[in-house]
Amino acid sequence: MKGDFGLKVLAKIYVTLKTSVLDPQGTAVLHALHALGFGGVLDVRVGKYLEVVLEAEDDAAARRQVERMCNDLLTNPVIETFTYEFAEVRT
Amino acid sequence: MRVAVVQFPGSNCDTDAVKAVHAAGGQEAELVWHAADDLSGYDLIVLPGGFSYGDYLRAGAIARFSPVMDAVAREAERGKLVIGICNGFQILTEAGLLPGALRRNADLLFHSGWQELIVENNATAFTSQYERGERVRFPIAHGEGNYYVDEDTRRRMEASGQIAFRYAPGTNPNGSAANIAGVTNESGNVLGLMPHPERAASLLLGSTDGLRLFASALQWRKNSYAH
C-alpha cells in the first residue's frame, strides 16, 4: 500500500446508530422482510457505509485522520457510532 | 437593530423569514450569504428552513461548517439572539449550539401541514409575547424533525426551562422525545424549532401566530442590549 506520501489507503467506514437509539428504518425493513417470508429475521439496524481514499504518512496518521473525520463530519456523535477498516486502494 | 437571515446553498425559507420580520416589527432584515465570516453588526440572526446542501450526509451536517457558522457561534457567545427554523434548527444542533439531534421522522414520512403547538416557556426572548401554555398553529414541513436528546440532558433542559415549544398532546408528528418542538440553549439566547413561525405570519395564508415570535425577539433586543 505504499505510494508517494507513505501510505495510500482505502478506509471502509461503517456508521451505525447507537444501540440506545430507536431505529424506525430498521423496524420498517424488519417488517418488510417478514412480509417477504423471512420469518427468522430477529432484528435489523440500518446504517451508512462510506469509502474514503486518503494519503497519510503512516498507518497511525491515517487512523487519526479517519477518526477525526468521523467525529467532526461523517457521524453525528449524539446518535451515531462508527467502526472502520483499511484496505488496499485498487488502481 | 439589525437582523440577518443567513442563506446557505439550498435554503428556501429565507425570503419568508425576511417578510415575517418585516411584518412583525417593521424591520428590514438583511440576507447574508453563508460565506460571510462577520456577523458582529447584527443583533438577531435567523437560520432559515430549506435543504442546505441537499440534506446530504445528514440534514445540516455540511452547512454547519460554512464560514458563517463560526460567526454565528461567536455572536451566540456574545449573547446575540439566534433563531434556527427547521433546517436552521438542524444546523444548530449539528454545530453544537443547541443540545440533541434531529432524526428521521419516526413513521419515515415527510409531514407537511398545520401543527398545533403549546408554548411551554414564555419567559424566553422569543416567546415573551405569548401566554404560558398558549396553543398556537404553525406549519410544519419536514422529514427529519424527530428530536432526540439523552435522558439526563433532557431532564436538565426541562428543569432550566429550555423547552420552548411542544407539540400539542396527541399531535406529535415525528416521534420527538417528550413532544419537543423547540428548544433554547442554557443562556436562552439561541432558539431552535422545527415548525415554521415565518409561515404563520399572514392572515391571508391562515395564521399570524408566528409573528409574535419575531416581535418578542425584536422587542427583547430593544430592551436589553449587551455587547
# chains A, B, ... in the order shown; residues from 1 in each chain; ligands from 1

$ select_by_dssp --residues "region 21-201 of chain B" --states "strand (DSSP E)" --output "PyMOL selection string"
chain B and resi 30-33+44-47+81-85+101-103+111-119+135-142+146-148+163-167+180-184+190-193

$ interface_residues --of "chain B" --to "chain A" --cutoff "7 Å" --atoms "only C-alpha atoms" --output "list in words"
Ala61, Gly100, Ala101, Ala106 and Asp107 of chain B

$ residues_around --residues "Arg166 (chain B)" --least-positions-apart "6" --cutoff "9 Å" --atoms "only C-alpha atoms" --output "MDAnalysis selection string"
chainID B and resid 116:120 172 178:183

$ write_last_selection --atoms "N, CA, C and O atoms" --output "CSV table (one decimal), in the first residue's frame"
chain,number,residue,atom,x,y,z
B,116,GLU,N,-50.4,22.0,15.7
B,116,GLU,CA,-50.8,22.6,17.0
B,116,GLU,C,-49.6,22.6,17.9
B,116,GLU,O,-49.0,21.5,18.1
B,117,LEU,N,-49.2,23.7,18.5
B,117,LEU,CA,-48.1,23.7,19.4
B,117,LEU,C,-48.5,24.3,20.8
B,117,LEU,O,-49.5,25.1,20.8
B,118,ILE,N,-47.8,24.0,21.8
B,118,ILE,CA,-48.0,24.6,23.1
B,118,ILE,C,-46.8,25.4,23.4
B,118,ILE,O,-45.7,24.9,23.3
B,119,VAL,N,-47.0,26.7,23.8
B,119,VAL,CA,-45.9,27.5,24.3
B,119,VAL,C,-45.5,27.1,25.7
B,119,VAL,O,-46.3,27.3,26.6
B,120,GLU,N,-44.4,26.4,25.9
B,120,GLU,CA,-44.1,25.8,27.2
B,120,GLU,C,-43.5,26.8,28.1
B,120,GLU,O,-43.8,26.8,29.3
B,172,ASN,N,-48.1,14.8,18.1
B,172,ASN,CA,-46.7,14.7,17.8
B,172,ASN,C,-46.6,14.1,16.4
B,172,ASN,O,-46.9,12.9,16.2
B,178,ALA,N,-40.5,13.5,24.3
B,178,ALA,CA,-41.3,14.4,25.1
B,178,ALA,C,-42.0,15.4,24.3
B,178,ALA,O,-42.3,16.5,24.8
B,179,ASN,N,-42.4,15.1,23.1
B,179,ASN,CA,-43.2,16.0,22.2
B,179,ASN,C,-42.5,17.4,22.0
B,179,ASN,O,-43.1,18.4,21.7
B,180,ILE,N,-41.2,17.4,22.1
B,180,ILE,CA,-40.4,18.6,22.0
B,180,ILE,C,-40.4,19.1,20.6
B,180,ILE,O,-40.0,18.4,19.6
B,181,ALA,N,-40.8,20.4,20.4
B,181,ALA,CA,-40.9,21.0,19.1
B,181,ALA,C,-39.8,22.1,18.9
B,181,ALA,O,-39.4,22.4,17.8
B,182,GLY,N,-39.5,22.7,20.1
B,182,GLY,CA,-38.5,23.8,20.0
B,182,GLY,C,-37.8,24.0,21.3
B,182,GLY,O,-38.4,23.8,22.4
B,183,VAL,N,-36.5,24.2,21.3
B,183,VAL,CA,-35.7,24.3,22.5
B,183,VAL,C,-34.8,25.6,22.4
B,183,VAL,O,-34.5,26.1,21.4

$ residues_around --residues "region 41-43 of chain A" --least-positions-apart "3" --cutoff "9 Å" --atoms "only C-alpha atoms" --output "VMD selection string"
chain A and resid 26 to 27 30 33 to 34 38

$ write_last_selection --atoms "N, CA and C atoms" --output "PDB file, in the first residue's frame"
ATOM      1  N   GLY A  26     -34.893   0.575  10.523  1.00  0.00           N
ATOM      2  CA  GLY A  26     -34.613  -0.836  10.758  1.00  0.00           C
ATOM      3  C   GLY A  26     -35.884  -1.628  10.996  1.00  0.00           C
ATOM      4  N   THR A  27     -36.776  -1.027  11.761  1.00  0.00           N
ATOM      5  CA  THR A  27     -38.053  -1.684  12.061  1.00  0.00           C
ATOM      6  C   THR A  27     -38.868  -1.869  10.799  1.00  0.00           C
ATOM      7  N   LEU A  30     -37.386  -4.629   8.847  1.00  0.00           N
ATOM      8  CA  LEU A  30     -37.684  -5.905   9.515  1.00  0.00           C
ATOM      9  C   LEU A  30     -39.077  -6.399   9.136  1.00  0.00           C
ATOM     10  N   LEU A  33     -39.168  -7.605   5.581  1.00  0.00           N
ATOM     11  CA  LEU A  33     -38.536  -8.924   5.423  1.00  0.00           C
ATOM     12  C   LEU A  33     -39.489 -10.019   5.898  1.00  0.00           C
ATOM     13  N   HIS A  34     -40.158  -9.772   6.996  1.00  0.00           N
ATOM     14  CA  HIS A  34     -41.143 -10.741   7.490  1.00  0.00           C
ATOM     15  C   HIS A  34     -42.234 -10.942   6.450  1.00  0.00           C
ATOM     16  N   PHE A  38     -39.279 -14.026   5.356  1.00  0.00           N
ATOM     17  CA  PHE A  38     -38.065 -14.289   6.148  1.00  0.00           C
ATOM     18  C   PHE A  38     -38.400 -14.198   7.628  1.00  0.00           C
TER      19      PHE A  38
END

$ residues_around --residues "Phe86 (chain A)" --least-positions-apart "4" --cutoff "9 Å" --atoms "only C-alpha atoms" --output "ChimeraX atom specification"
/A:9-13,63

$ residues_around --residues "Ala201 (chain B)" --least-positions-apart "4" --cutoff "8 Å" --atoms "only C-alpha atoms" --output "list in words"
Ala20, Ala23, Ala24, Pro197, Leu205, Ser207, Thr208, Asp209, Gly210 and Leu211 of chain B

$ residues_around --residues "His196 (chain B)" --least-positions-apart "3" --cutoff "10 Å" --atoms "only C-alpha atoms" --output "list in words"
Cys13, Asp16, Ala17, Pro48, Gly49, Gly84, Ile85, Cys86, Trp114, Gln115, Arg137, Phe138, Pro139, Ile140, Ala141, Leu193, Arg199, Ala200, Ala201 and Gly210 of chain B

$ write_last_selection --atoms "N, CA and C atoms" --output "compact mmCIF listing (two decimals), in the first residue's frame"
# COMPACT_ATOMS: atom_id res chain seq x y z
N CYS B 13 -36.42 29.12 2.79
CA CYS B 13 -37.40 29.87 3.57
C CYS B 13 -36.83 31.22 3.98
N ASP B 16 -39.26 34.23 3.16
CA ASP B 16 -40.38 34.24 4.11
C ASP B 16 -39.94 34.79 5.46
N ALA B 17 -38.71 34.46 5.87
CA ALA B 17 -38.21 34.96 7.15
C ALA B 17 -38.05 36.48 7.10
N PRO B 48 -32.62 30.04 8.32
CA PRO B 48 -33.96 29.69 7.82
C PRO B 48 -34.08 28.22 7.45
N GLY B 49 -35.31 27.85 7.09
CA GLY B 49 -35.57 26.47 6.67
C GLY B 49 -35.12 26.22 5.24
N GLY B 84 -33.05 29.32 14.83
CA GLY B 84 -32.89 28.31 13.80
C GLY B 84 -34.23 27.68 13.52
N ILE B 85 -34.75 27.82 12.30
CA ILE B 85 -36.05 27.29 11.94
C ILE B 85 -35.87 26.08 11.04
N CYS B 86 -36.41 24.95 11.47
CA CYS B 86 -36.41 23.72 10.68
C CYS B 86 -34.97 23.34 10.30
N TRP B 114 -50.57 21.98 8.91
CA TRP B 114 -50.71 22.78 10.13
C TRP B 114 -50.40 21.94 11.36
N GLN B 115 -49.74 22.55 12.29
CA GLN B 115 -49.36 21.84 13.51
C GLN B 115 -49.75 22.67 14.73
N ARG B 137 -50.70 27.78 16.18
CA ARG B 137 -50.62 26.97 14.97
C ARG B 137 -49.53 27.49 14.06
N PHE B 138 -48.51 26.66 13.81
CA PHE B 138 -47.50 26.99 12.80
C PHE B 138 -47.50 25.83 11.79
N PRO B 139 -47.15 26.07 10.53
CA PRO B 139 -46.98 24.94 9.61
C PRO B 139 -45.71 24.15 9.93
N ILE B 140 -45.75 22.86 9.65
CA ILE B 140 -44.53 22.06 9.65
C ILE B 140 -44.33 21.51 8.24
N ALA B 141 -43.09 21.24 7.91
CA ALA B 141 -42.77 20.63 6.62
C ALA B 141 -41.40 20.01 6.78
N LEU B 193 -36.39 25.52 16.42
CA LEU B 193 -37.70 24.88 16.39
C LEU B 193 -37.94 24.31 15.00
N ARG B 199 -44.06 31.11 8.44
CA ARG B 199 -45.16 30.74 7.57
C ARG B 199 -46.50 30.90 8.28
N ALA B 200 -46.46 31.42 9.51
CA ALA B 200 -47.69 31.73 10.24
C ALA B 200 -47.64 33.23 10.50
N ALA B 201 -47.47 33.98 9.42
CA ALA B 201 -47.24 35.42 9.54
C ALA B 201 -48.19 36.22 8.67
N GLY B 210 -47.26 33.14 14.31
CA GLY B 210 -45.79 33.17 14.31
C GLY B 210 -45.20 34.57 14.44

$ closest_residue --among "B:Asp14, B:Glu144, B:Glu75, B:Glu158" --to "Gly175 (chain B)" --atoms "only C-alpha atoms"
B:Glu144

$ atom_distance --atom1 "CA of Met1 (chain B)" --atom2 "CA of Tyr42 (chain B)"
7.2 Å

$ atom_distance --atom1 "CA of Glu30 (chain B)" --atom2 "CA of Ile91 (chain B)"
19.6 Å

$ select_by_dssp --residues "chain A" --states "alpha helix (DSSP H)" --output "list in words"
Pro24, Gln25, Gly26, Thr27, Ala28, Val29, Leu30, His31, Ala32, Leu33, His34, Ala35, Asp59, Ala60, Ala61, Ala62, Arg63, Arg64, Gln65, Val66, Glu67, Arg68 and Met69 of chain A

$ decode --residues "region 161-181 of chain B" --atoms "N, CA and C atoms" --output "PDB file, in the first residue's frame"
ATOM      1  N   GLY B 161     -35.955  25.220  31.962  1.00  0.00           N
ATOM      2  CA  GLY B 161     -36.865  25.951  31.086  1.00  0.00           C
ATOM      3  C   GLY B 161     -36.421  26.049  29.636  1.00  0.00           C
ATOM      4  N   GLN B 162     -35.624  25.103  29.187  1.00  0.00           N
ATOM      5  CA  GLN B 162     -35.125  25.159  27.817  1.00  0.00           C
ATOM      6  C   GLN B 162     -36.094  24.590  26.792  1.00  0.00           C
ATOM      7  N   ILE B 163     -37.181  23.979  27.257  1.00  0.00           N
ATOM      8  CA  ILE B 163     -38.181  23.509  26.301  1.00  0.00           C
ATOM      9  C   ILE B 163     -39.103  24.687  26.008  1.00  0.00           C
ATOM     10  N   ALA B 164     -39.017  25.220  24.782  1.00  0.00           N
ATOM     11  CA  ALA B 164     -39.791  26.413  24.448  1.00  0.00           C
ATOM     12  C   ALA B 164     -41.173  26.064  23.897  1.00  0.00           C
ATOM     13  N   PHE B 165     -41.221  25.054  23.028  1.00  0.00           N
ATOM     14  CA  PHE B 165     -42.481  24.641  22.404  1.00  0.00           C
ATOM     15  C   PHE B 165     -42.605  23.137  22.449  1.00  0.00           C
ATOM     16  N   ARG B 166     -43.818  22.662  22.622  1.00  0.00           N
ATOM     17  CA  ARG B 166     -44.091  21.232  22.498  1.00  0.00           C
ATOM     18  C   ARG B 166     -45.227  21.043  21.518  1.00  0.00           C
ATOM     19  N   TYR B 167     -45.245  19.882  20.837  1.00  0.00           N
ATOM     20  CA  TYR B 167     -46.404  19.534  20.022  1.00  0.00           C
ATOM     21  C   TYR B 167     -47.568  19.298  20.973  1.00  0.00           C
ATOM     22  N   ALA B 168     -48.739  19.813  20.608  1.00  0.00           N
ATOM     23  CA  ALA B 168     -49.910  19.645  21.476  1.00  0.00           C
ATOM     24  C   ALA B 168     -50.148  18.164  21.718  1.00  0.00           C
ATOM     25  N   PRO B 169     -50.626  17.794  22.914  1.00  0.00           N
ATOM     26  CA  PRO B 169     -50.795  16.379  23.263  1.00  0.00           C
ATOM     27  C   PRO B 169     -51.571  15.633  22.191  1.00  0.00           C
ATOM     28  N   GLY B 170     -51.038  14.488  21.800  1.00  0.00           N
ATOM     29  CA  GLY B 170     -51.710  13.665  20.808  1.00  0.00           C
ATOM     30  C   GLY B 170     -51.450  14.066  19.372  1.00  0.00           C
ATOM     31  N   THR B 171     -50.634  15.112  19.147  1.00  0.00           N
ATOM     32  CA  THR B 171     -50.435  15.571  17.767  1.00  0.00           C
ATOM     33  C   THR B 171     -48.984  15.458  17.303  1.00  0.00           C
ATOM     34  N   ASN B 172     -48.136  14.820  18.113  1.00  0.00           N
ATOM     35  CA  ASN B 172     -46.707  14.721  17.759  1.00  0.00           C
ATOM     36  C   ASN B 172     -46.551  14.081  16.377  1.00  0.00           C
ATOM     37  N   PRO B 173     -46.021  14.840  15.413  1.00  0.00           N
ATOM     38  CA  PRO B 173     -45.985  14.332  14.030  1.00  0.00           C
ATOM     39  C   PRO B 173     -44.761  13.470  13.710  1.00  0.00           C
ATOM     40  N   ASN B 174     -43.757  13.483  14.603  1.00  0.00           N
ATOM     41  CA  ASN B 174     -42.497  12.883  14.172  1.00  0.00           C
ATOM     42  C   ASN B 174     -41.811  12.006  15.214  1.00  0.00           C
ATOM     43  N   GLY B 175     -42.442  11.800  16.374  1.00  0.00           N
ATOM     44  CA  GLY B 175     -41.844  10.937  17.391  1.00  0.00           C
ATOM     45  C   GLY B 175     -40.846  11.641  18.295  1.00  0.00           C
ATOM     46  N   SER B 176     -40.781  12.953  18.223  1.00  0.00           N
ATOM     47  CA  SER B 176     -39.824  13.692  19.069  1.00  0.00           C
ATOM     48  C   SER B 176     -39.973  13.325  20.538  1.00  0.00           C
ATOM     49  N   ALA B 177     -38.808  13.192  21.203  1.00  0.00           N
ATOM     50  CA  ALA B 177     -38.809  12.911  22.631  1.00  0.00           C
ATOM     51  C   ALA B 177     -39.620  13.950  23.373  1.00  0.00           C
ATOM     52  N   ALA B 178     -40.474  13.484  24.269  1.00  0.00           N
ATOM     53  CA  ALA B 178     -41.281  14.369  25.123  1.00  0.00           C
ATOM     54  C   ALA B 178     -42.041  15.416  24.312  1.00  0.00           C
ATOM     55  N   ASN B 179     -42.399  15.096  23.087  1.00  0.00           N
ATOM     56  CA  ASN B 179     -43.157  16.010  22.216  1.00  0.00           C
ATOM     57  C   ASN B 179     -42.477  17.352  22.007  1.00  0.00           C
ATOM     58  N   ILE B 180     -41.159  17.367  22.106  1.00  0.00           N
ATOM     59  CA  ILE B 180     -40.413  18.616  21.996  1.00  0.00           C
ATOM     60  C   ILE B 180     -40.401  19.131  20.566  1.00  0.00           C
ATOM     61  N   ALA B 181     -40.841  20.385  20.382  1.00  0.00           N
ATOM     62  CA  ALA B 181     -40.874  21.002  19.060  1.00  0.00           C
ATOM     63  C   ALA B 181     -39.845  22.113  18.930  1.00  0.00           C
TER      64      ALA B 181
END
